[in-house]
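K.L.:
The structure is given below, and queries will be raised subsequently.
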Amino acid sequence: MQTDWAEITCEVPAALVETLADFLVELTGTGVGIDNLHVDTFSLDTLEDTPIKSVKAYLPADAALEEARGQIEEFLARHRAEYGTCPFTPPVIRVVKNEDWANNWKVHFKPVRIGTRMVIKPTWEDYQELPGDLVIQIDPGMAFGTGAHPTTRMCLESMERICYDRSCGTFPAPLLDVGTGSGVLSIAGALMGAQGIVAVDIDPEAVRVTEENVELNGLSGAIDVSTTPLDRIAGQFGVVVANILAEELVRLAEELVARVRPGGWLILSGILTEKEDFVRNGFPGLTLVECTHEEEWSCITLSRPAA
Ligand SMILES: C[S@@+](CC[C@H](N)C(=O)[O-])C[C@H]1O[C@@H](n2cnc3c(N)ncnc32)[C@H](O)[C@@H]1O
């Protein structure tokens with residue numbers, strides 16, 4: 001039987017967040033999420049400084065939950081005096097049904113048009129195809145990549161705008177997709193004509209989901225999907241796309257660049273706009289082709305000079 005989960009939310013002064021997060025990690029044995037509260041602007045500067053933050057942790061919603069609630073209340077009571085008049089609210093517990101966890105987001109996942117020709121279509125939705133459409137069928141399961149996220153959209157748009165030759169329907173083969181998630185970028189590449197596609201992810205669940213989506217799109221055998229670490233991938237690629245996170249991109253910079261063939265492109269996203277310069281500086285020697293923005297995210301396309 002699958003367990004339901006309890007989402008426990010505590011709102012505390014920013015200075016207590018780290019101590020509380022450590023306490024909750026130890027108590028729950030899982031990670032915690034930290035959100036800013038009381039933000040009435042989209043400025044990222046202000047986000048850093050919100051005086052009250054919300055810390056979320058997750059526990060199985062079983063008999064041990066009440067005891068955990070008591071321990072959290074005790075922890076908060078112990079620290080309350082240090083923060084004077086700062087608001088301190090009791091932990092709020094919300095039970096998340098296991099079936100909801102996996103499926104609720106489906107209600108919001110609708111066919112979405114991206115770039116000039118691509119349409120990402122959830123497997124369970126109908127879509128009336130238009131001439132010239134490249135329809136990518138996706139069931140992301142628990143993996144990332146419905147196409148709804150700005151970083152996925154910007155990667156797809158750059159792949160189409162920069163790499164795809166619309167006049168003859170070709171894409172500079174081969175394509176390497178680092179952090180494939182649901183496989184959406186690789187499948188789009190295959191539909192644009194890329195050959196020799198390699199898709200990797202550190203998460204075995206993402207690999208499983210990508211394999212299913214590859215098959216759903218009639219592309220079996222066209223995409224090599226695995227958890228192979230980047231430094232063990234052989235060869236060079238006309239296009240390398242990596243929608244991960246700024247710090248991880250910079251950590252992997254040398255390996256990513258080594259896999260772009262001379263004259264090829266490197267498309268990077270998962271970058272908060274405030275970290276754009278950090279990523280740009282992490283890839284010296286490559287030429288900036290374009291930088292696009294959506295909401296608080298950036299996508300940077302670089303090219304490797306021809307040999
Ligand atoms: C934001 S999702 C992107 C999914 C999809 N490519 C998209 O654009 O929608 C990032 C994915 O990168 C994977 N990932 C994170 N670090 C990685 C690494 N060092 N190597 C390979 N995959 C990584 C995560 O498991 C996750 O599936």
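Identifiers in the structure tokens: chain A, B, ... in order shown; residue index from 1 per chain; ligand index from 1 in order shown.
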DSSP on the backbone, alpha helix (DSSP H) only: what residues of segment 49-230 of chain A does that give? Format it as a PDB file with N, CA and C atoms, in the first residue's frame.
P.N.:
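The result, stored in selection.pdb:
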ATOM      1  N   LEU A  65       3.367  10.726  13.225  1.00  0.00           N
ATOM      2  CA  LEU A  65       3.310  12.136  12.829  1.00  0.00           C
ATOM      3  C   LEU A  65       3.063  13.074  14.018  1.00  0.00           C
ATOM      4  N   GLU A  66       2.154  12.666  14.938  1.00  0.00           N
ATOM      5  CA  GLU A  66       1.826  13.536  16.075  1.00  0.00           C
ATOM      6  C   GLU A  66       3.038  13.765  16.963  1.00  0.00           C
ATOM      7  N   GLU A  67       3.839  12.696  17.133  1.00  0.00           N
ATOM      8  CA  GLU A  67       5.041  12.826  17.954  1.00  0.00           C
ATOM      9  C   GLU A  67       6.009  13.816  17.288  1.00  0.00           C
ATOM     10  N   ALA A  68       6.126  13.725  15.960  1.00  0.00           N
ATOM     11  CA  ALA A  68       7.023  14.634  15.235  1.00  0.00           C
ATOM     12  C   ALA A  68       6.530  16.067  15.379  1.00  0.00           C
ATOM     13  N   ARG A  69       5.195  16.264  15.304  1.00  0.00           N
ATOM     14  CA  ARG A  69       4.641  17.610  15.456  1.00  0.00           C
ATOM     15  C   ARG A  69       5.048  18.182  16.829  1.00  0.00           C
ATOM     16  N   GLY A  70       4.932  17.336  17.871  1.00  0.00           N
ATOM     17  CA  GLY A  70       5.293  17.757  19.227  1.00  0.00           C
ATOM     18  C   GLY A  70       6.754  18.185  19.281  1.00  0.00           C
ATOM     19  N   GLN A  71       7.629  17.423  18.632  1.00  0.00           N
ATOM     20  CA  GLN A  71       9.060  17.748  18.668  1.00  0.00           C
ATOM     21  C   GLN A  71       9.335  19.071  17.955  1.00  0.00           C
ATOM     22  N   ILE A  72       8.593  19.306  16.856  1.00  0.00           N
ATOM     23  CA  ILE A  72       8.799  20.565  16.119  1.00  0.00           C
ATOM     24  C   ILE A  72       8.312  21.742  16.967  1.00  0.00           C
ATOM     25  N   GLU A  73       7.141  21.561  17.622  1.00  0.00           N
ATOM     26  CA  GLU A  73       6.619  22.641  18.469  1.00  0.00           C
ATOM     27  C   GLU A  73       7.594  22.954  19.601  1.00  0.00           C
ATOM     28  N   GLU A  74       8.161  21.907  20.171  1.00  0.00           N
ATOM     29  CA  GLU A  74       9.146  22.109  21.255  1.00  0.00           C
ATOM     30  C   GLU A  74      10.359  22.882  20.752  1.00  0.00           C
ATOM     31  N   PHE A  75      10.831  22.507  19.543  1.00  0.00           N
ATOM     32  CA  PHE A  75      11.987  23.180  18.948  1.00  0.00           C
ATOM     33  C   PHE A  75      11.679  24.670  18.766  1.00  0.00           C
ATOM     34  N   LEU A  76      10.483  24.964  18.222  1.00  0.00           N
ATOM     35  CA  LEU A  76      10.119  26.361  17.972  1.00  0.00           C
ATOM     36  C   LEU A  76       9.999  27.124  19.297  1.00  0.00           C
ATOM     37  N   ALA A  77       9.397  26.489  20.302  1.00  0.00           N
ATOM     38  CA  ALA A  77       9.224  27.146  21.601  1.00  0.00           C
ATOM     39  C   ALA A  77      10.585  27.478  22.200  1.00  0.00           C
ATOM     40  N   ARG A  78      11.550  26.561  22.047  1.00  0.00           N
ATOM     41  CA  ARG A  78      12.901  26.761  22.600  1.00  0.00           C
ATOM     42  C   ARG A  78      13.559  28.003  21.994  1.00  0.00           C
ATOM     43  N   HIS A  79      13.263  28.278  20.698  1.00  0.00           N
ATOM     44  CA  HIS A  79      13.959  29.376  20.020  1.00  0.00           C
ATOM     45  C   HIS A  79      13.162  30.678  20.006  1.00  0.00           C
ATOM     46  N   ARG A  80      11.888  30.616  20.427  1.00  0.00           N
ATOM     47  CA  ARG A  80      11.016  31.790  20.282  1.00  0.00           C
ATOM     48  C   ARG A  80      11.615  33.024  20.976  1.00  0.00           C
ATOM     49  N   ASN A  98      -0.993  10.275  -1.751  1.00  0.00           N
ATOM     50  CA  ASN A  98       0.020   9.758  -2.660  1.00  0.00           C
ATOM     51  C   ASN A  98      -0.448   9.828  -4.113  1.00  0.00           C
ATOM     52  N   GLU A  99      -1.735   9.502  -4.358  1.00  0.00           N
ATOM     53  CA  GLU A  99      -2.229   9.523  -5.742  1.00  0.00           C
ATOM     54  C   GLU A  99      -2.216  10.965  -6.281  1.00  0.00           C
ATOM     55  N   ASP A 100      -2.487  11.963  -5.383  1.00  0.00           N
ATOM     56  CA  ASP A 100      -2.463  13.356  -5.829  1.00  0.00           C
ATOM     57  C   ASP A 100      -1.046  13.752  -6.213  1.00  0.00           C
ATOM     58  N   TRP A 101      -0.130  13.337  -5.364  1.00  0.00           N
ATOM     59  CA  TRP A 101       1.283  13.673  -5.543  1.00  0.00           C
ATOM     60  C   TRP A 101       1.720  13.344  -6.970  1.00  0.00           C
ATOM     61  N   ALA A 102       1.372  12.141  -7.411  1.00  0.00           N
ATOM     62  CA  ALA A 102       1.838  11.704  -8.720  1.00  0.00           C
ATOM     63  C   ALA A 102       1.014  12.271  -9.869  1.00  0.00           C
ATOM     64  N   ASN A 103      -0.278  12.561  -9.635  1.00  0.00           N
ATOM     65  CA  ASN A 103      -1.154  12.827 -10.778  1.00  0.00           C
ATOM     66  C   ASN A 103      -1.795  14.200 -10.842  1.00  0.00           C
ATOM     67  N   PRO A 150       9.819  27.616 -18.078  1.00  0.00           N
ATOM     68  CA  PRO A 150      10.522  28.543 -18.970  1.00  0.00           C
ATOM     69  C   PRO A 150      11.873  28.011 -19.453  1.00  0.00           C
ATOM     70  N   THR A 151      12.592  27.278 -18.605  1.00  0.00           N
ATOM     71  CA  THR A 151      13.934  26.824 -19.014  1.00  0.00           C
ATOM     72  C   THR A 151      13.833  25.797 -20.142  1.00  0.00           C
ATOM     73  N   THR A 152      12.844  24.903 -20.061  1.00  0.00           N
ATOM     74  CA  THR A 152      12.647  23.915 -21.129  1.00  0.00           C
ATOM     75  C   THR A 152      12.261  24.642 -22.417  1.00  0.00           C
ATOM     76  N   ARG A 153      11.318  25.582 -22.273  1.00  0.00           N
ATOM     77  CA  ARG A 153      10.840  26.324 -23.463  1.00  0.00           C
ATOM     78  C   ARG A 153      11.987  27.058 -24.137  1.00  0.00           C
ATOM     79  N   MET A 154      12.809  27.748 -23.342  1.00  0.00           N
ATOM     80  CA  MET A 154      13.893  28.530 -23.945  1.00  0.00           C
ATOM     81  C   MET A 154      14.917  27.620 -24.629  1.00  0.00           C
ATOM     82  N   CYS A 155      15.191  26.435 -24.043  1.00  0.00           N
ATOM     83  CA  CYS A 155      16.124  25.496 -24.697  1.00  0.00           C
ATOM     84  C   CYS A 155      15.555  25.066 -26.050  1.00  0.00           C
ATOM     85  N   LEU A 156      14.252  24.738 -26.065  1.00  0.00           N
ATOM     86  CA  LEU A 156      13.620  24.288 -27.317  1.00  0.00           C
ATOM     87  C   LEU A 156      13.645  25.402 -28.360  1.00  0.00           C
ATOM     88  N   GLU A 157      13.351  26.624 -27.914  1.00  0.00           N
ATOM     89  CA  GLU A 157      13.334  27.751 -28.865  1.00  0.00           C
ATOM     90  C   GLU A 157      14.729  27.978 -29.444  1.00  0.00           C
ATOM     91  N   SER A 158      15.752  27.912 -28.590  1.00  0.00           N
ATOM     92  CA  SER A 158      17.120  28.124 -29.099  1.00  0.00           C
ATOM     93  C   SER A 158      17.525  26.994 -30.034  1.00  0.00           C
ATOM     94  N   VAL A 184      12.302  15.381 -23.165  1.00  0.00           N
ATOM     95  CA  VAL A 184      11.618  16.305 -24.081  1.00  0.00           C
ATOM     96  C   VAL A 184      12.573  16.951 -25.093  1.00  0.00           C
ATOM     97  N   LEU A 185      13.772  17.349 -24.672  1.00  0.00           N
ATOM     98  CA  LEU A 185      14.678  18.054 -25.591  1.00  0.00           C
ATOM     99  C   LEU A 185      15.246  17.085 -26.634  1.00  0.00           C
ATOM    100  N   SER A 186      15.549  15.866 -26.202  1.00  0.00           N
ATOM    101  CA  SER A 186      16.082  14.869 -27.135  1.00  0.00           C
ATOM    102  C   SER A 186      15.033  14.483 -28.170  1.00  0.00           C
ATOM    103  N   ILE A 187      13.801  14.312 -27.697  1.00  0.00           N
ATOM    104  CA  ILE A 187      12.724  13.915 -28.625  1.00  0.00           C
ATOM    105  C   ILE A 187      12.492  15.042 -29.632  1.00  0.00           C
ATOM    106  N   ALA A 188      12.497  16.291 -29.149  1.00  0.00           N
ATOM    107  CA  ALA A 188      12.346  17.424 -30.068  1.00  0.00           C
ATOM    108  C   ALA A 188      13.493  17.421 -31.088  1.00  0.00           C
ATOM    109  N   GLY A 189      14.722  17.171 -30.608  1.00  0.00           N
ATOM    110  CA  GLY A 189      15.872  17.126 -31.514  1.00  0.00           C
ATOM    111  C   GLY A 189      15.680  16.060 -32.581  1.00  0.00           C
ATOM    112  N   ALA A 190      15.203  14.880 -32.158  1.00  0.00           N
ATOM    113  CA  ALA A 190      14.991  13.779 -33.119  1.00  0.00           C
ATOM    114  C   ALA A 190      13.942  14.184 -34.159  1.00  0.00           C
ATOM    115  N   LEU A 191      12.877  14.850 -33.706  1.00  0.00           N
ATOM    116  CA  LEU A 191      11.821  15.247 -34.650  1.00  0.00           C
ATOM    117  C   LEU A 191      12.322  16.347 -35.597  1.00  0.00           C
ATOM    118  N   PRO A 204      17.861   7.615 -12.279  1.00  0.00           N
ATOM    119  CA  PRO A 204      17.408   6.446 -13.055  1.00  0.00           C
ATOM    120  C   PRO A 204      15.923   6.524 -13.422  1.00  0.00           C
ATOM    121  N   GLU A 205      15.124   7.206 -12.578  1.00  0.00           N
ATOM    122  CA  GLU A 205      13.693   7.352 -12.883  1.00  0.00           C
ATOM    123  C   GLU A 205      13.516   8.202 -14.150  1.00  0.00           C
ATOM    124  N   ALA A 206      14.331   9.236 -14.307  1.00  0.00           N
ATOM    125  CA  ALA A 206      14.261  10.066 -15.524  1.00  0.00           C
ATOM    126  C   ALA A 206      14.622   9.226 -16.747  1.00  0.00           C
ATOM    127  N   VAL A 207      15.589   8.342 -16.602  1.00  0.00           N
ATOM    128  CA  VAL A 207      15.997   7.481 -17.721  1.00  0.00           C
ATOM    129  C   VAL A 207      14.838   6.559 -18.110  1.00  0.00           C
ATOM    130  N   ARG A 208      14.172   6.013 -17.090  1.00  0.00           N
ATOM    131  CA  ARG A 208      13.029   5.117 -17.361  1.00  0.00           C
ATOM    132  C   ARG A 208      11.913   5.879 -18.085  1.00  0.00           C
ATOM    133  N   VAL A 209      11.607   7.080 -17.590  1.00  0.00           N
ATOM    134  CA  VAL A 209      10.536   7.893 -18.187  1.00  0.00           C
ATOM    135  C   VAL A 209      10.916   8.293 -19.618  1.00  0.00           C
ATOM    136  N   THR A 210      12.173   8.671 -19.819  1.00  0.00           N
ATOM    137  CA  THR A 210      12.615   9.064 -21.173  1.00  0.00           C
ATOM    138  C   THR A 210      12.479   7.885 -22.135  1.00  0.00           C
ATOM    139  N   GLU A 211      12.887   6.698 -21.681  1.00  0.00           N
ATOM    140  CA  GLU A 211      12.775   5.521 -22.570  1.00  0.00           C
ATOM    141  C   GLU A 211      11.325   5.317 -22.997  1.00  0.00           C
ATOM    142  N   GLU A 212      10.392   5.492 -22.040  1.00  0.00           N
ATOM    143  CA  GLU A 212       8.967   5.329 -22.382  1.00  0.00           C
ATOM    144  C   GLU A 212       8.527   6.390 -23.378  1.00  0.00           C
ATOM    145  N   ASN A 213       8.968   7.637 -23.142  1.00  0.00           N
ATOM    146  CA  ASN A 213       8.557   8.716 -24.048  1.00  0.00           C
ATOM    147  C   ASN A 213       9.167   8.560 -25.440  1.00  0.00           C
ATOM    148  N   VAL A 214      10.386   8.049 -25.486  1.00  0.00           N
ATOM    149  CA  VAL A 214      11.030   7.810 -26.787  1.00  0.00           C
ATOM    150  C   VAL A 214      10.184   6.819 -27.590  1.00  0.00           C
ATOM    151  N   GLU A 215       9.740   5.775 -26.897  1.00  0.00           N
ATOM    152  CA  GLU A 215       8.931   4.754 -27.572  1.00  0.00           C
ATOM    153  C   GLU A 215       7.574   5.331 -28.003  1.00  0.00           C
ATOM    154  N   LEU A 216       6.968   6.107 -27.094  1.00  0.00           N
ATOM    155  CA  LEU A 216       5.669   6.742 -27.394  1.00  0.00           C
ATOM    156  C   LEU A 216       5.705   7.571 -28.663  1.00  0.00           C
TER     157      LEU A 216
END
K.L.:
Using only C-alpha atoms, which protein or nucleic acid residues come within 12 Å of Asn243 of chain A? Drop anything in the same chain fewer than 6 positions from it, and give the result as a PyMOL selection string.
P.N.:
chain A and resi 144-145+147+149-156+176-186+199-201+249+256+266-272+297-301
K.L.:
Would you save the residues of that selection, restricted to N, CA and C atoms, as a tab-separated table (two decimals), in the first residue's frame?
P.N.:
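Written out: selection_15.tsv:
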chain	number	residue	atom	x	y	z
A	144	PHE	N	11.18	15.69	-14.71
A	144	PHE	CA	10.98	17.10	-15.06
A	144	PHE	C	10.93	17.22	-16.58
A	145	GLY	N	9.99	18.05	-17.08
A	145	GLY	CA	10.02	18.33	-18.53
A	145	GLY	C	8.69	18.23	-19.22
A	147	GLY	N	7.54	20.88	-20.63
A	147	GLY	CA	7.61	21.94	-21.63
A	147	GLY	C	7.03	23.23	-21.08
A	149	HIS	N	7.86	24.64	-18.27
A	149	HIS	CA	8.82	25.44	-17.52
A	149	HIS	C	9.62	26.35	-18.48
A	150	PRO	N	9.82	27.62	-18.08
A	150	PRO	CA	10.52	28.54	-18.97
A	150	PRO	C	11.87	28.01	-19.45
A	151	THR	N	12.59	27.28	-18.60
A	151	THR	CA	13.93	26.82	-19.01
A	151	THR	C	13.83	25.80	-20.14
A	152	THR	N	12.84	24.90	-20.06
A	152	THR	CA	12.65	23.92	-21.13
A	152	THR	C	12.26	24.64	-22.42
A	153	ARG	N	11.32	25.58	-22.27
A	153	ARG	CA	10.84	26.32	-23.46
A	153	ARG	C	11.99	27.06	-24.14
A	154	MET	N	12.81	27.75	-23.34
A	154	MET	CA	13.89	28.53	-23.94
A	154	MET	C	14.92	27.62	-24.63
A	155	CYS	N	15.19	26.43	-24.04
A	155	CYS	CA	16.12	25.50	-24.70
A	155	CYS	C	15.55	25.07	-26.05
A	156	LEU	N	14.25	24.74	-26.06
A	156	LEU	CA	13.62	24.29	-27.32
A	156	LEU	C	13.64	25.40	-28.36
A	176	LEU	N	23.74	15.95	-27.84
A	176	LEU	CA	23.91	15.42	-26.48
A	176	LEU	C	23.02	16.22	-25.54
A	177	ASP	N	22.16	15.52	-24.78
A	177	ASP	CA	21.19	16.15	-23.87
A	177	ASP	C	21.58	15.75	-22.44
A	178	VAL	N	22.16	16.67	-21.70
A	178	VAL	CA	22.66	16.37	-20.35
A	178	VAL	C	21.60	16.80	-19.33
A	179	GLY	N	21.06	15.85	-18.58
A	179	GLY	CA	19.95	16.13	-17.65
A	179	GLY	C	18.65	16.07	-18.42
A	180	THR	N	18.38	14.92	-19.02
A	180	THR	CA	17.29	14.81	-20.00
A	180	THR	C	15.90	14.89	-19.37
A	181	GLY	N	15.75	14.55	-18.07
A	181	GLY	CA	14.43	14.61	-17.41
A	181	GLY	C	13.43	13.69	-18.08
A	182	SER	N	12.40	14.26	-18.72
A	182	SER	CA	11.39	13.45	-19.41
A	182	SER	C	11.84	13.09	-20.83
A	183	GLY	N	12.99	13.60	-21.26
A	183	GLY	CA	13.48	13.32	-22.61
A	183	GLY	C	12.99	14.34	-23.63
A	184	VAL	N	12.30	15.38	-23.16
A	184	VAL	CA	11.62	16.30	-24.08
A	184	VAL	C	12.57	16.95	-25.09
A	185	LEU	N	13.77	17.35	-24.67
A	185	LEU	CA	14.68	18.05	-25.59
A	185	LEU	C	15.25	17.08	-26.63
A	186	SER	N	15.55	15.87	-26.20
A	186	SER	CA	16.08	14.87	-27.14
A	186	SER	C	15.03	14.48	-28.17
A	199	ALA	N	21.20	10.88	-24.58
A	199	ALA	CA	20.50	11.57	-23.49
A	199	ALA	C	20.93	10.94	-22.18
A	200	VAL	N	21.39	11.76	-21.22
A	200	VAL	CA	21.80	11.20	-19.94
A	200	VAL	C	21.14	11.95	-18.78
A	201	ASP	N	21.02	11.25	-17.67
A	201	ASP	CA	20.49	11.88	-16.45
A	201	ASP	C	21.05	11.10	-15.27
A	249	LEU	N	26.25	23.49	-13.83
A	249	LEU	CA	26.77	23.76	-15.18
A	249	LEU	C	28.23	24.18	-15.09
A	256	LEU	N	31.59	19.61	-20.37
A	256	LEU	CA	30.58	20.01	-21.36
A	256	LEU	C	31.27	20.55	-22.62
A	266	LEU	N	26.59	25.09	-27.67
A	266	LEU	CA	26.33	24.64	-26.31
A	266	LEU	C	25.18	25.49	-25.77
A	267	ILE	N	24.05	24.85	-25.46
A	267	ILE	CA	22.87	25.58	-24.96
A	267	ILE	C	22.72	25.26	-23.47
A	268	LEU	N	22.73	26.31	-22.65
A	268	LEU	CA	22.72	26.11	-21.19
A	268	LEU	C	21.49	26.80	-20.59
A	269	SER	N	20.75	26.08	-19.75
A	269	SER	CA	19.68	26.76	-19.01
A	269	SER	C	19.56	26.16	-17.61
A	270	GLY	N	18.47	26.55	-16.92
A	270	GLY	CA	18.37	26.22	-15.50
A	270	GLY	C	19.11	27.30	-14.71
A	271	ILE	N	19.32	28.46	-15.37
A	271	ILE	CA	20.15	29.52	-14.78
A	271	ILE	C	19.26	30.66	-14.31
A	272	LEU	N	19.27	30.95	-13.03
A	272	LEU	CA	18.57	32.13	-12.55
A	272	LEU	C	19.28	33.35	-13.12
A	297	TRP	N	14.39	33.33	-15.29
A	297	TRP	CA	15.35	32.37	-15.82
A	297	TRP	C	16.06	32.87	-17.07
A	298	SER	N	17.28	32.37	-17.27
A	298	SER	CA	18.06	32.70	-18.48
A	298	SER	C	18.44	31.43	-19.22
A	299	CYS	N	18.65	31.59	-20.52
A	299	CYS	CA	19.17	30.50	-21.35
A	299	CYS	C	20.31	31.10	-22.17
A	300	ILE	N	21.48	30.49	-22.09
A	300	ILE	CA	22.67	31.04	-22.76
A	300	ILE	C	23.10	30.07	-23.85
A	301	THR	N	23.24	30.57	-25.07
A	301	THR	CA	23.77	29.73	-26.15
A	301	THR	C	25.16	30.22	-26.52
K.L.:
Closest to Gly141 of chain A among A:Gln128, A:Gly263, A:Phe109, A:Val250, using only C-alpha atoms?
P.N.:
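Of A:Gln128, A:Gly263, A:Phe109, A:Val250, the one nearest Gly141 of chain A, counting only C-alpha atoms, is A:Phe109.
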K.L.:
Would you mind writing down, as a list of chain:residue names, each residue of segment 57-196 of chain A that DSSP on the backbone assigns to strand (DSSP E)?
P.N.:
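Written out, the strand (DSSP E) residues of segment 57-196 of chain A are A:Ala57, A:Tyr58, A:Leu59, A:Pro60, A:Val92, A:Ile93, A:Arg94, A:Val95, A:Val96, A:Val112, A:Arg113, A:Ile114, A:Met118, A:Val119, A:Ile120, A:Lys121, A:Pro122, A:Leu134, A:Val135, A:Ile136, A:Gln137, A:Ile138, A:Leu175, A:Leu176, A:Asp177, A:Val178.
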K.L.:
So which one's closest to Val239 of chain A, A:Glu274, A:Glu160, A:Glu294, A:Glu129? Using only C-alpha atoms, please.
P.N.:
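Nearest to Val239 of chain A: A:Glu160.
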K.L.:
Could you tell me which of A:Val135, A:Ile223, A:Leu245, A:Leu302 comes closest to ligand 1 if we count only C-alpha atoms and all ligand atoms?
P.N.:
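Looking only at the distances to ligand 1, the closest residue turns out to be A:Leu245.
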K.L.:
Skipping near chain neighbours, those fewer than 2 positions away, what residues fall within 10 Å of Met192 of chain A using only C-alpha atoms, listed as a list in words?
P.N.:
Arg117, Met118, Leu134, Met159, Glu160, Cys163, Tyr164, Asp165, Arg166, Gly169, Thr170, Phe171, Pro172, Ser186, Ile187, Ala188, Gly189, Ala190, Ala194 and Gln195 of chain A
K.L.:
Go through A:Ala173, A:Ala246, A:Ala81, A:Ala234 one by one, measure the shortest atom-to-atom distance of each to ligand 1 using only C-alpha atoms and all ligand atoms, and give the residue with the smallest value.
P.N.:
A:Ala246
K.L.:
Please provide as a ChimeraX atom specification all residues within 7 Å of Ala57 of chain A, with the sequence filter that same-chain residues fewer than 3 positions apart are discarded (counting only C-alpha atoms).
P.N.:
/A:7-9,24,31-33
